[in-house]
Every structure is written in C-alpha cells, then in structure tokens.
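Q: Structure incoming, see below.
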Amino acid sequence: MHSRLVNELYQDPLLYTWFDDIPDRLLFDCGYMFGLPARDIQKISSVYVSHTHFDHFMGFDHMLRMCIEQDRQIELYGPRGFIDQVVGKLSGYSWNLCEDLGLNFKIREYSSSLIEEITLYGKNAYKQESERTYFPFSEVITVNESYTVSTAILDHKIPSMAFSVKQNDFLKVRKDILDTLNLKPGPWLGALKKEVESGLELQNEDIEMPDGRKLSKAELAEKMFEVRNGKKVSYVVDTIFSDETVDKICRLIDASDEFYCECTFLSSDEEKAVANHHLTAKQAGTLARLGNVARLIPIHLSKRYGNRYWELIKEAGSEFGNIELPEKYLNVG
C-alpha cells in the first residue's frame with residue numbers, strides 16, 4: 001500500500017492511496033486536486049470526505065469532469081448531510097443528454113448513530129429516485145479481502161470525519177528462494193499463492209514446474225512465502241483538541257505506520273485554534289505520541305505563517321520525534 005500527498009503542506013489536504021495487487025484507488029478529502037493527473041483521478045474507486053468545507057470538497061466537480069464518460073461506480077463517504085450536498089452539486093448541472101451516462105455514485109453519510117445510503121445513476125440524471133437505506137453506525141466503513149477503512153467522527157463545529165486504512169497482512173514471495181531453486185515466476189506461482197491464501201491445508205502432492213521438475217507443493221509453499229504485516233495509514237484534519245476527540249483519535253490511529261495530521265496553528269496562537277476548531281502543531285505531536293504511531297506527516301499548515309512553516313514542524317517535533325516530510329521541505333529553518 002502506498003500513499004502520497006497531492007498538494008503542498010500548506011494547501012488543501014488531499015491524500016491519494018493505492019495498492020500493488022488490486023486496482024482500488026482511495027482519495028481522502030476532495031479539495032483542490034489539479035495537481036493530481038487525470039489518469040489517477042480516473043482510477044479513483046472511493047472518496048472519503050472529512051467534511052464539506054470548501055477546501056475539502058471543491059474538487060468533486062473536477063473529479064466529475066475527469067470521470068463523467070466512464071461506465072463504473074464511485075463510492076463516496078462523508079458526514080451528516082453529505083447526501084444532500086452531493087445531490088446539490090449534481091443538480092447544479094443540466095442532464096438532458098444523460099441516457100448513455102454510465103457513471104454512478106454510491107453515497108453513504110455518517111452520524112453518531114446512523115448510516116444513510118443511496119445510489120445515484122447517471123442515466124437517471126442523478127435524481128433521488130430510490131429510497132435511502134439505513135444502517136446502524138459502525139466505525140468500520142469499508143472492509144474487503146485487501147484492506148479495511150475505519151472512521152471517527154470529530155468536532156469542527158460541524159461533524160468532521162477522521163479515517164484510517166489498514167492493509168490486511170499478505171504473503172510476500174521470497175525472491176531469494178526463487179533464485180536458489182532456479183525457478184522463474186509464472187502462473188504456477190500465482191496459483192500456489194492463491195491456494196495458500198485460501199487457508200486450506202495443502203495436499204501432500206507434487207507440483208510440476210515449467211522446466212519439468214516436480215517439487216512438493218507443501219514444502220515449496222513453506223519456503224516460498226513469508227507473511228508481511230499490512231501497512232496502516234491514518235488521516236486527521238479539522239478538529240478540536242478535547243478529551244473526547246483525543247480518545248477517539250488515539251483509538252483510530254493506534255499503531256499507524258503513517259499519521260497524516262493537521263498542524264494548523266502554533267501554540268502561541270492556540271486561542272485562534274480553539275476559535276476555529278483546529279489543532280496546534282504541538283497537539284498533533286501529542287496525538288502522534290499517544291497514538292503510538294511510527295511517523296507523523298504534518299499537513300494543513302496555516303498560510304498565515306508563510307515561510308515560517310518550519311516553526312510548526314519543529315513544534316510538532318518537540319512532542320514527537322519522528323517527523324516525515326517531502327524531500328523539498330528537509331533542511332529548512
């Protein structure tokens with residue numbers, strides 16, 4: 001699993017996540033996204049929106065433009081009121097020539113007790129023609145054979161959702177064993193891997209290699225594969241720092257490999273942070289420490305500090321030692 005920030009640290013937060021073995025592409029928040037190539041936008045399968053302030057949701061229209069000719073479904077997730085807001089965006093356009101539109105949206109909105117879902121179809125001009133479906137609230141948003149996405153609902157004067165994505169543990173092929181046995185990858189290797197992943201006990205039988213050799217399937221599988229721990233990435237923006245939110249965030253981000261967290265204000269401007277329901281850099285560092293994460297990536301830095309952004313990074317580092325930054329930001333300040 002891989003993740004990258006689309007924009008600068010002081011611009012709209014936008015996190016793009018992808019996988020080596022499956023086609024899913026996840027987007028966390030949907031603000032300004034002109035730095036994301038069209039080919040990447042056109043692969044997005046799910047969008048997780050923290051809240052619908054302009055800098056977190058304005059990019060929906062750009063994504064719509066890039067994907068409108070595709071025949072597929074994009075899943076959208078957001079907080080209370082999200083369905084009506086997506087419908088409002090779509091209803092701002094004329095869809096009189098929509099009979100052949102195959103781009104659909106499955107939308108889920110989350111409140112503290114309830115989940116609402118509806119699917120909007122392009123060929124029906126994205127009108128709400130079906131009843132909404134309701135589910136009891138669950139912190140787990142998406143779960144499949146490759147990864148799980150979870151959420152916590154925080155407080156930004158309006159509900160703001162934080163997210164984590166945990167890649168499932170997976171089998172890694174040991175290239176050194178392939179070389180030692182003088183074997184070349186091929187369909188046989190994929191078939192053996194799938195058989196191991198199925199969880200069924202391998203039968204005591206041989207498997208024929210492309211070169212004609214016959215090797216024990218069970219012994220080969222034991223040597224060939226090793227279990228790798230799946231990566232965990234968490235994303236937190238636009239929230240107050242309170243006992244309740246700290247508890248929610250720490251449970252969500254626990255043991256994350258990468259923790260993308262807003263570091264919007266300096267502690268010297270904590271009154272502004274409280275008034276605007278944002279975190280200070282020191283508070284972000286505290287969350288990283290309490291959440292037992294491996295690396296903190298500061299994001300959503302306030303533009304008010306201009307070239308002094310390194311002060312925010314240093315302040316976060318005073319609470320948590322392992323800060324990770326894009327190379328362009330290193331050795332500054």
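In the structure tokens, the first chain shown is A, the next is B, and so on; residue numbers restart at 1 for each chain, and ligands run from 1 in the order shown.
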Report the closest atom pair, with its distance in Å rounded to one decimal, for each residue of range 142-250 of chain A that has an atom no farther than 12 Å from range 32-47 of chain A; count only C-alpha atoms, sort by chain and then rising residue number, and write it as JSON lines.

A:
```
{"residue": "A:Thr142", "atom": "CA", "partner": "A:Ser46", "partner_atom": "CA", "distance": 9.6}
{"residue": "A:Val149", "atom": "CA", "partner": "A:Ser46", "partner_atom": "CA", "distance": 10.6}
{"residue": "A:Phe163", "atom": "CA", "partner": "A:Val47", "partner_atom": "CA", "distance": 11.2}
```

Q: Can you tell me, as a PyMOL selection string, what residues are no more than 12 Å from Asp257 in chain A when counting only C-alpha atoms, ignoring any on the same chain fewer than 4 positions away?

A: chain A and resi 1-3+164-167+229-235+253+288+291-297+322-324

Q: For Gly190 in chain A, which of A:Leu154, A:Asp206, A:Glu75, A:Leu171 is the closest residue, counting only C-alpha atoms?

A: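 Of all the options, A:Leu171 lies closest to Gly190 in chain A.
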
Q: Quick one: residues within 8 Å of Lys123 in chain A, only C-alpha atoms counted, chain neighbours fewer than 3 positions away excluded, as an NGL selection string?

A: :A and (98-102 or 126)

Q: Which of these, A:Asp179, A:Asp12, A:Glu327, A:Glu145, has the shortest distance to Cys30 in chain A once you count only C-alpha atoms?

A: A:Asp12
